[in-house]
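**Student:** Okay, so here is model.pdb, and as you'll see once you scroll down, it has PDB, C-alpha atoms.
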```
ATOM      1  CA  MET A   1     104.638 114.925 138.320
ATOM      2  CA  ASN A   2     105.072 114.578 142.070
ATOM      3  CA  SER A   3     108.572 113.686 143.226
ATOM      4  CA  THR A   4     109.083 110.488 145.242
ATOM      5  CA  ARG A   5     110.296 111.458 148.716
ATOM      6  CA  VAL A   6     113.054 109.186 150.024
ATOM      7  CA  LEU A   7     114.628 108.767 153.468
ATOM      8  CA  LEU A   8     118.107 107.222 153.748
ATOM      9  CA  ALA A   9     119.125 105.124 156.769
ATOM     10  CA  ASP A  10     122.775 104.002 156.827
ATOM     11  CA  ASP A  11     125.519 104.408 159.422
ATOM     12  CA  GLN A  12     128.153 105.239 156.789
ATOM     13  CA  PRO A  13     128.159 108.930 155.747
ATOM     14  CA  ASP A  14     129.878 108.197 152.426
ATOM     15  CA  VAL A  15     127.189 105.658 151.518
ATOM     16  CA  ARG A  16     124.420 108.136 152.315
ATOM     17  CA  SER A  17     126.192 110.825 150.288
ATOM     18  CA  GLY A  18     126.567 108.490 147.331
ATOM     19  CA  PHE A  19     122.922 107.432 147.452
ATOM     20  CA  ARG A  20     121.788 111.061 147.746
ATOM     21  CA  LEU A  21     123.877 112.050 144.734
ATOM     22  CA  VAL A  22     122.399 109.256 142.624
ATOM     23  CA  LEU A  23     118.784 109.746 143.705
ATOM     24  CA  ASP A  24     118.720 113.545 143.683
ATOM     25  CA  SER A  25     119.994 113.483 140.103
ATOM     26  CA  GLN A  26     116.687 111.902 139.048
ATOM     27  CA  PRO A  27     113.869 114.297 138.100
ATOM     28  CA  ASP A  28     111.249 112.216 139.915
ATOM     29  CA  ILE A  29     113.094 111.447 143.195
ATOM     30  CA  THR A  30     114.069 113.702 146.127
ATOM     31  CA  VAL A  31     115.992 112.705 149.257
ATOM     32  CA  ILE A  32     114.235 114.425 152.175
ATOM     33  CA  GLY A  33     116.318 113.148 155.072
ATOM     34  CA  GLU A  34     119.165 110.982 156.356
ATOM     35  CA  ALA A  35     119.704 108.971 159.517
ATOM     36  CA  ALA A  36     122.859 107.295 160.814
ATOM     37  CA  ASP A  37     121.100 104.713 162.994
ATOM     38  CA  GLY A  38     117.815 102.853 163.154
ATOM     39  CA  THR A  39     116.397 104.725 166.133
ATOM     40  CA  ALA A  40     116.893 108.100 164.455
ATOM     41  CA  ALA A  41     115.534 106.695 161.181
ATOM     42  CA  LEU A  42     112.325 105.536 162.883
ATOM     43  CA  ALA A  43     111.749 108.935 164.476
ATOM     44  CA  LEU A  44     112.526 110.784 161.239
ATOM     45  CA  ALA A  45     110.292 108.499 159.172
ATOM     46  CA  ASN A  46     107.368 108.977 161.541
ATOM     47  CA  ARG A  47     107.837 112.741 161.361
ATOM     48  CA  LEU A  48     108.481 113.168 157.617
ATOM     49  CA  ARG A  49     106.356 110.243 156.291
ATOM     50  CA  PRO A  50     108.584 109.555 153.254
ATOM     51  CA  ASP A  51     107.263 107.629 150.256
ATOM     52  CA  VAL A  52     110.184 105.175 150.395
ATOM     53  CA  VAL A  53     112.784 104.388 153.053
ATOM     54  CA  LEU A  54     116.122 102.885 152.022
ATOM     55  CA  THR A  55     117.732 101.124 154.964
ATOM     56  CA  ASP A  56     120.901  99.201 155.639
ATOM     57  CA  ILE A  57     120.668  96.112 157.871
ATOM     58  CA  ARG A  58     123.551  96.512 160.311
ATOM     59  CA  MET A  59     123.156  99.839 162.121
ATOM     60  CA  PRO A  60     123.436 101.079 165.716
ATOM     61  CA  GLY A  61     120.239 101.178 167.747
ATOM     62  CA  ILE A  62     117.368  99.495 165.924
ATOM     63  CA  ASP A  63     118.777  97.331 163.129
ATOM     64  CA  GLY A  64     117.455  97.532 159.590
ATOM     65  CA  LEU A  65     115.345  94.373 159.820
ATOM     66  CA  GLU A  66     113.429  95.572 162.877
ATOM     67  CA  LEU A  67     113.178  99.047 161.339
ATOM     68  CA  THR A  68     111.648  97.457 158.243
ATOM     69  CA  ARG A  69     109.044  95.647 160.354
ATOM     70  CA  LEU A  70     108.100  98.791 162.258
ATOM     71  CA  LEU A  71     107.880 101.016 159.181
ATOM     72  CA  THR A  72     105.920  98.586 157.013
ATOM     73  CA  ALA A  73     103.492  98.063 159.904
ATOM     74  CA  ALA A  74     102.975 101.846 159.799
ATOM     75  CA  GLY A  75     102.178 101.683 156.081
ATOM     76  CA  MET A  76     105.530 102.814 154.665
ATOM     77  CA  ARG A  77     107.446 101.274 151.773
ATOM     78  CA  VAL A  78     110.921 100.011 152.686
ATOM     79  CA  VAL A  79     113.732  98.831 150.428
ATOM     80  CA  VAL A  80     116.663  97.111 152.147
ATOM     81  CA  VAL A  81     120.034  98.063 150.641
ATOM     82  CA  THR A  82     122.945  96.177 152.167
ATOM     83  CA  THR A  83     126.384  94.691 151.655
ATOM     84  CA  PHE A  84     125.275  91.360 153.097
ATOM     85  CA  ASP A  85     123.341  88.870 150.939
ATOM     86  CA  LEU A  86     123.041  86.229 153.646
ATOM     87  CA  ASP A  87     120.008  83.975 153.241
ATOM     88  CA  GLU A  88     118.729  84.695 156.733
ATOM     89  CA  TYR A  89     118.821  88.450 156.083
ATOM     90  CA  VAL A  90     116.914  88.109 152.821
ATOM     91  CA  ASP A  91     114.301  85.891 154.441
ATOM     92  CA  ALA A  92     113.868  88.169 157.459
ATOM     93  CA  ALA A  93     113.615  91.299 155.307
ATOM     94  CA  LEU A  94     110.899  89.763 153.129
ATOM     95  CA  ARG A  95     108.975  88.412 156.118
ATOM     96  CA  ASN A  96     109.167  91.864 157.727
ATOM     97  CA  GLY A  97     107.544  93.444 154.678
ATOM     98  CA  ALA A  98     110.420  94.866 152.623
ATOM     99  CA  CYS A  99     109.368  95.685 149.062
ATOM    100  CA  GLY A 100     112.872  95.248 147.724
ATOM    101  CA  PHE A 101     116.267  93.801 148.649
ATOM    102  CA  LEU A 102     119.273  95.336 146.893
ATOM    103  CA  LEU A 103     122.989  94.814 147.306
ATOM    104  CA  LYS A 104     125.093  97.954 147.475
ATOM    105  CA  ARG A 105     127.414  96.584 144.813
ATOM    106  CA  SER A 106     124.502  96.313 142.342
ATOM    107  CA  GLY A 107     125.091  99.909 141.259
ATOM    108  CA  PRO A 108     123.175 103.182 140.877
ATOM    109  CA  THR A 109     120.782 102.064 138.127
ATOM    110  CA  LEU A 110     119.298  99.305 140.272
ATOM    111  CA  LEU A 111     119.045 101.703 143.219
ATOM    112  CA  VAL A 112     116.901 104.099 141.190
ATOM    113  CA  GLU A 113     114.837 101.241 139.738
ATOM    114  CA  GLY A 114     114.273  99.875 143.244
ATOM    115  CA  VAL A 115     112.775 103.172 144.432
ATOM    116  CA  ARG A 116     110.553 103.452 141.368
ATOM    117  CA  ALA A 117     109.419  99.833 141.671
ATOM    118  CA  ALA A 118     108.454 100.371 145.311
ATOM    119  CA  MET A 119     106.374 103.411 144.351
ATOM    120  CA  ALA A 120     104.678 101.484 141.549
ATOM    121  CA  GLY A 121     103.659  98.680 143.908
ATOM    122  CA  ASP A 122     106.210  96.381 142.323
ATOM    123  CA  ALA A 123     109.411  95.095 143.871
ATOM    124  CA  LEU A 124     113.024  94.602 142.924
ATOM    125  CA  ILE A 125     115.593  92.120 144.196
ATOM    126  CA  SER A 126     119.227  92.181 143.171
ATOM    127  CA  PRO A 127     119.910  89.427 140.623
ATOM    128  CA  GLN A 128     122.587  87.920 142.866
ATOM    129  CA  VAL A 129     120.021  87.548 145.661
ATOM    130  CA  THR A 130     117.431  86.055 143.310
ATOM    131  CA  ILE A 131     119.889  83.312 142.408
ATOM    132  CA  ARG A 132     120.430  82.550 146.094
ATOM    133  CA  LEU A 133     116.678  82.386 146.724
ATOM    134  CA  LEU A 134     116.118  80.097 143.767
ATOM    135  CA  ARG A 135     118.898  77.791 144.910
ATOM    136  CA  ALA A 136     117.483  77.640 148.438
ATOM    137  CA  ALA A 137     113.938  77.123 147.171
ATOM    138  CA  THR A 138     114.863  74.047 145.167
ATOM    139  CA  LYS A 139     116.341  72.134 148.113
ATOM    140  CA  ALA A 140     114.722  68.712 148.294
ATOM    141  CA  ASP A 141     114.234  68.774 152.062
ATOM    142  CA  GLN A 142     111.840  71.744 152.030
ATOM    143  CA  PRO A 143     108.338  70.880 153.331
ATOM    144  CA  PRO A 144     105.408  71.195 150.904
ATOM    145  CA  VAL A 145     103.773  74.635 150.735
ATOM    146  CA  PRO A 146      99.940  74.792 151.064
ATOM    147  CA  ASN A 147      98.372  76.221 147.906
ATOM    148  CA  PRO A 148      94.957  77.907 148.340
ATOM    149  CA  LEU A 149      95.080  79.733 144.989
ATOM    150  CA  THR A 150      92.921  79.485 141.892
ATOM    151  CA  HIS A 151      94.383  78.552 138.493
ATOM    152  CA  ARG A 152      94.304  82.215 137.406
ATOM    153  CA  GLU A 153      96.050  83.300 140.605
ATOM    154  CA  ILE A 154      98.729  80.657 140.068
ATOM    155  CA  ASP A 155      99.302  82.035 136.558
ATOM    156  CA  ILE A 156      99.793  85.480 138.048
ATOM    157  CA  VAL A 157     102.081  84.200 140.813
ATOM    158  CA  ARG A 158     104.344  82.596 138.207
ATOM    159  CA  LEU A 159     104.613  85.905 136.347
ATOM    160  CA  VAL A 160     105.278  87.870 139.542
ATOM    161  CA  ALA A 161     108.107  85.421 140.317
ATOM    162  CA  GLN A 162     109.581  86.191 136.890
ATOM    163  CA  GLY A 163     109.699  89.898 137.828
ATOM    164  CA  LEU A 164     106.909  91.136 135.555
ATOM    165  CA  THR A 165     105.092  94.380 136.377
ATOM    166  CA  ASN A 166     101.292  94.681 136.529
ATOM    167  CA  ALA A 167     101.215  96.015 132.979
ATOM    168  CA  GLN A 168     103.369  93.164 131.690
ATOM    169  CA  ILE A 169     101.240  90.590 133.521
ATOM    170  CA  GLY A 170      98.138  92.133 131.999
ATOM    171  CA  ALA A 171      99.603  91.946 128.497
ATOM    172  CA  GLU A 172     100.667  88.330 129.036
ATOM    173  CA  LEU A 173      97.239  87.217 130.313
ATOM    174  CA  PHE A 174      95.085  89.592 128.214
ATOM    175  CA  ILE A 175      93.732  91.439 131.238
ATOM    176  CA  SER A 176      94.097  95.055 132.351
ATOM    177  CA  ALA A 177      96.896  96.191 134.655
ATOM    178  CA  GLY A 178      94.203  97.115 137.183
ATOM    179  CA  THR A 179      92.779  93.590 137.108
ATOM    180  CA  ALA A 180      96.270  92.174 137.605
ATOM    181  CA  LYS A 181      96.734  94.473 140.593
ATOM    182  CA  THR A 182      93.425  93.275 142.084
ATOM    183  CA  HIS A 183      94.427  89.630 141.653
ATOM    184  CA  ILE A 184      97.764  90.344 143.346
ATOM    185  CA  ALA A 185      96.003  91.995 146.306
ATOM    186  CA  ASN A 186      93.773  88.912 146.649
ATOM    187  CA  ILE A 187      96.813  86.609 146.479
ATOM    188  CA  GLN A 188      98.581  88.596 149.211
ATOM    189  CA  ALA A 189      95.482  88.357 151.409
ATOM    190  CA  LYS A 190      95.121  84.585 150.887
ATOM    191  CA  LEU A 191      98.799  83.903 151.603
ATOM    192  CA  GLY A 192      99.197  86.475 154.382
ATOM    193  CA  LEU A 193     101.973  88.304 152.522
ATOM    194  CA  HIS A 194     102.933  91.975 152.491
ATOM    195  CA  ASN A 195     103.929  92.506 148.876
ATOM    196  CA  ARG A 196     105.110  91.125 145.543
ATOM    197  CA  VAL A 197     108.482  90.099 146.923
ATOM    198  CA  GLY A 198     106.724  87.822 149.377
ATOM    199  CA  ILE A 199     104.653  86.368 146.523
ATOM    200  CA  ALA A 200     107.810  85.655 144.530
ATOM    201  CA  ALA A 201     109.463  83.983 147.515
ATOM    202  CA  TRP A 202     106.338  81.882 148.106
ATOM    203  CA  ALA A 203     106.324  80.892 144.417
ATOM    204  CA  TRP A 204     109.915  79.689 144.663
ATOM    205  CA  ARG A 205     109.134  77.635 147.776
ATOM    206  CA  ALA A 206     106.013  76.183 146.122
ATOM    207  CA  GLY A 207     107.895  75.240 142.960
ATOM    208  CA  LEU A 208     105.917  77.711 140.818
ATOM    209  CA  ALA A 209     108.754  80.019 139.797
ATOM    210  CA  ASP A 210     109.674  77.974 136.727
ATOM    211  CA  PRO A 211     107.761  79.476 133.757
ATOM    212  CA  HIS A 212     107.612  75.977 132.226
ATOM    213  CA  ALA A 213     106.198  74.343 135.360
ATOM    214  CA  GLY A 214     102.682  72.920 135.267
TER     215      GLY A 214
END
```
Mind turning this structure into structure tokens?
**Tutor:**
Amino acid sequence: MNSTRVLLADDQPDVRSGFRLVLDSQPDITVIGEAADGTAALALANRLRPDVVLTDIRMPGIDGLELTRLLTAAGMRVVVVTTFDLDEYVDAALRNGACGFLLKRSGPTLLVEGVRAAMAGDALISPQVTIRLLRAATKADQPPVPNPLTHREIDIVRLVAQGLTNAQIGAELFISAGTAKTHIANIQAKLGLHNRVGIAAWAWRAGLADPHAG
């Protein structure tokens, strides 16, 4: 089994050391580089082409949100790992293509799961952040969200918003995991989204995140 190659971008050496210790202890993950600022992280990522980049938000040089935009535009998977769960940071990270948003206080298990989810084409958001997104999405003053999806695609969007993987969606809807993945790719194209996290956020805004809705 090939090891997932991870690059760490964080301006705190103790944070990078802690992440490296956690990730390198996994048989399927290897940390291949570290950067203390966004500019160095961008250069290192372009040179090493890691499978997943873990980036903080507040860093010298290029900040983590701009770094996320640049790296995802170059076809790399980025998971934002930060202390700050501010709504504007979450929204910007998702719009910039992040395939995960984790809080540092969420612990080592979620860190490992976030890397594996990114590699699997899934996404992981810290539970605390999910609650914030749900609360924001249910505000009455939000404008209606256009819905160009088919009934089957809406079914899949609801399951993505619940955090199900492709295999779990397939089992729920009696389709293969590959078919679920194809539907998700079509949904992303229709909605102009980068990944599953964007689909989940769209579902919350559209009022489709409730499994009992509709």
**Student:** So which one's closest to A:Gln12, A:Asp122, A:Glu66, A:Asp24, A:Asp56? Using all atoms listed in the file, please.
**Tutor:**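 Looking at the shortest contact to A:Gln12, the residue is A:Asp56.
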**Student:** When you draw a straight line from atom CA of A:Val78 to atom CA of A:Glu172, how long is it in Å?
**Tutor:** 28.3 Å
**Student:** Can you tell me, as a list in words, what residues are no more than 10 Å from A:Ser126 when counting all atoms listed in the file, ignoring any on the same chain fewer than 3 positions away?
**Tutor:** Val81, Asp85, Gly100, Phe101, Leu102, Leu103, Lys104, Arg105, Ser106, Gly107, Leu110, Leu111, Gly114, Val129, Thr130 and Ile131 of chain A
**Student:** Restricting the calculation to only C-alpha atoms: of A:Asp11, A:Gly75, A:Gly170, A:Leu124, which residue gets closest to A:Thr109?
**Tutor:**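 Of the candidates, the smallest distance to A:Thr109 is held by A:Leu124.
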**Student:** To one decimal place in Å, what is the distance between atom CA of A:Ile175 and atom CA of A:Gln188?
**Tutor:**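 Taking atom CA of A:Ile175 as the start and atom CA of A:Gln188 as the end point, the length is 18.8 Å.
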**Student:** Counting all atoms listed in the file, what is within 12 Å of A:Pro27, bar same-chain residues fewer than 2 positions away, as an NGL selection string?
**Tutor:** :A and (1-5 or 22-25 or 29-31 or 112 or 116)
**Student:** Identify, on the basis of only C-alpha atoms, every residue whose closest approach to A:Met59 does not exceed 12 Å; exclude the query and any residue fewer than 4 positions from it along the same chain; express the result as a list in words.
**Tutor:**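 Once the adjacent positions are removed, what remains is Ala9, Asp10, Asp11, Gln12, Ala35, Ala36, Asp37, Gly38, Thr39, Ala40, Ala41, Thr55, Asp63, Gly64, Leu65, Glu66, Leu67 and Thr82 of chain A.
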**Student:** Quick one: write out the picked residues with C-alpha atoms as a PDB file, in the coordinates of the input?
**Tutor:**
```pdb
ATOM      1  CA  ALA A   9     119.125 105.124 156.769  1.00  0.00           C
ATOM      2  CA  ASP A  10     122.775 104.002 156.827  1.00  0.00           C
ATOM      3  CA  ASP A  11     125.519 104.408 159.422  1.00  0.00           C
ATOM      4  CA  GLN A  12     128.153 105.239 156.789  1.00  0.00           C
ATOM      5  CA  ALA A  35     119.704 108.971 159.517  1.00  0.00           C
ATOM      6  CA  ALA A  36     122.859 107.295 160.814  1.00  0.00           C
ATOM      7  CA  ASP A  37     121.100 104.713 162.994  1.00  0.00           C
ATOM      8  CA  GLY A  38     117.815 102.853 163.154  1.00  0.00           C
ATOM      9  CA  THR A  39     116.397 104.725 166.133  1.00  0.00           C
ATOM     10  CA  ALA A  40     116.893 108.100 164.455  1.00  0.00           C
ATOM     11  CA  ALA A  41     115.534 106.695 161.181  1.00  0.00           C
ATOM     12  CA  THR A  55     117.732 101.124 154.964  1.00  0.00           C
ATOM     13  CA  ASP A  63     118.777  97.331 163.129  1.00  0.00           C
ATOM     14  CA  GLY A  64     117.455  97.532 159.590  1.00  0.00           C
ATOM     15  CA  LEU A  65     115.345  94.373 159.820  1.00  0.00           C
ATOM     16  CA  GLU A  66     113.429  95.572 162.877  1.00  0.00           C
ATOM     17  CA  LEU A  67     113.178  99.047 161.339  1.00  0.00           C
ATOM     18  CA  THR A  82     122.945  96.177 152.167  1.00  0.00           C
TER      19      THR A  82
END
```
**Student:** Could you work out how far atom CA of A:Leu208 lies from atom CA of A:Ile154, giving the answer in Å with one decimal?
**Tutor:**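 Taking atom CA of A:Ile154 as the start and atom CA of A:Leu208 as the end point, the length is 7.8 Å.
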**Student:** Taking all atoms listed in the file into account, which of A:Gln168, A:Thr182, A:Asn195, A:Asn46 comes nearest A:Ala74?
**Tutor:**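 Answer, going by the shortest atom-to-atom distance: A:Asn46.
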**Student:** From the list A:Leu8, A:Ala167, A:Val115, A:Ile156, which residue is nearest A:Asp28 when using all atoms listed in the file?
**Tutor:** A:Val115
**Student:** Report as a PDB file with C-alpha atoms, in the coordinates of the input the residues that result from applying the PyMOL selection byres ((chain A and resi 97) around 12) to the structure here.
**Tutor:**
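Listed below is the output, result_11.pdb:
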```
ATOM      1  CA  GLY A  64     117.455  97.532 159.590  1.00  0.00           C
ATOM      2  CA  LEU A  65     115.345  94.373 159.820  1.00  0.00           C
ATOM      3  CA  GLU A  66     113.429  95.572 162.877  1.00  0.00           C
ATOM      4  CA  LEU A  67     113.178  99.047 161.339  1.00  0.00           C
ATOM      5  CA  THR A  68     111.648  97.457 158.243  1.00  0.00           C
ATOM      6  CA  ARG A  69     109.044  95.647 160.354  1.00  0.00           C
ATOM      7  CA  LEU A  70     108.100  98.791 162.258  1.00  0.00           C
ATOM      8  CA  LEU A  71     107.880 101.016 159.181  1.00  0.00           C
ATOM      9  CA  THR A  72     105.920  98.586 157.013  1.00  0.00           C
ATOM     10  CA  ALA A  73     103.492  98.063 159.904  1.00  0.00           C
ATOM     11  CA  ALA A  74     102.975 101.846 159.799  1.00  0.00           C
ATOM     12  CA  GLY A  75     102.178 101.683 156.081  1.00  0.00           C
ATOM     13  CA  MET A  76     105.530 102.814 154.665  1.00  0.00           C
ATOM     14  CA  ARG A  77     107.446 101.274 151.773  1.00  0.00           C
ATOM     15  CA  VAL A  78     110.921 100.011 152.686  1.00  0.00           C
ATOM     16  CA  VAL A  79     113.732  98.831 150.428  1.00  0.00           C
ATOM     17  CA  VAL A  80     116.663  97.111 152.147  1.00  0.00           C
ATOM     18  CA  VAL A  90     116.914  88.109 152.821  1.00  0.00           C
ATOM     19  CA  ASP A  91     114.301  85.891 154.441  1.00  0.00           C
ATOM     20  CA  ALA A  92     113.868  88.169 157.459  1.00  0.00           C
ATOM     21  CA  ALA A  93     113.615  91.299 155.307  1.00  0.00           C
ATOM     22  CA  LEU A  94     110.899  89.763 153.129  1.00  0.00           C
ATOM     23  CA  ARG A  95     108.975  88.412 156.118  1.00  0.00           C
ATOM     24  CA  ASN A  96     109.167  91.864 157.727  1.00  0.00           C
ATOM     25  CA  ALA A  98     110.420  94.866 152.623  1.00  0.00           C
ATOM     26  CA  CYS A  99     109.368  95.685 149.062  1.00  0.00           C
ATOM     27  CA  GLY A 100     112.872  95.248 147.724  1.00  0.00           C
ATOM     28  CA  PHE A 101     116.267  93.801 148.649  1.00  0.00           C
ATOM     29  CA  ALA A 118     108.454 100.371 145.311  1.00  0.00           C
ATOM     30  CA  ALA A 123     109.411  95.095 143.871  1.00  0.00           C
ATOM     31  CA  GLN A 188      98.581  88.596 149.211  1.00  0.00           C
ATOM     32  CA  GLY A 192      99.197  86.475 154.382  1.00  0.00           C
ATOM     33  CA  LEU A 193     101.973  88.304 152.522  1.00  0.00           C
ATOM     34  CA  HIS A 194     102.933  91.975 152.491  1.00  0.00           C
ATOM     35  CA  ASN A 195     103.929  92.506 148.876  1.00  0.00           C
ATOM     36  CA  ARG A 196     105.110  91.125 145.543  1.00  0.00           C
ATOM     37  CA  VAL A 197     108.482  90.099 146.923  1.00  0.00           C
ATOM     38  CA  GLY A 198     106.724  87.822 149.377  1.00  0.00           C
ATOM     39  CA  ILE A 199     104.653  86.368 146.523  1.00  0.00           C
TER      40      ILE A 199
END
```
**Student:** Step by step, work through what the PyMOL selection byres ((chain A and resi 147) around 10) selects in the shown file, and finish by giving those residues as a ChimeraX atom specification.
**Tutor:** /A:144-146,148-150,154,190-191,202-203,206
**Student:** What's the 10 Å shell around A:Leu48, counting all atoms listed in the file, without same-chain residues fewer than 6 positions away, as a list in words?
**Tutor:**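 Final neighbour list, sorted by chain and number: Arg5, Val6, Leu7, Ile32 and Gly33 of chain A.
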**Student:** List as number ranges by chain the residues having at least one atom at most 12 Å from position (94.8, 84.8, 137.1) as given in the file, counting only C-alpha atoms.
**Tutor:** A: 149-160, 166, 169-170, 172-177, 179-187
**Student:** Choose the residue, out of A:Val52, A:Val15, A:Ile62, A:Leu44, that has the smallest atom-to-atom separation from A:Thr83; count all atoms listed in the file.
**Tutor:**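 For A:Thr83, the nearest of the candidates is A:Val15.
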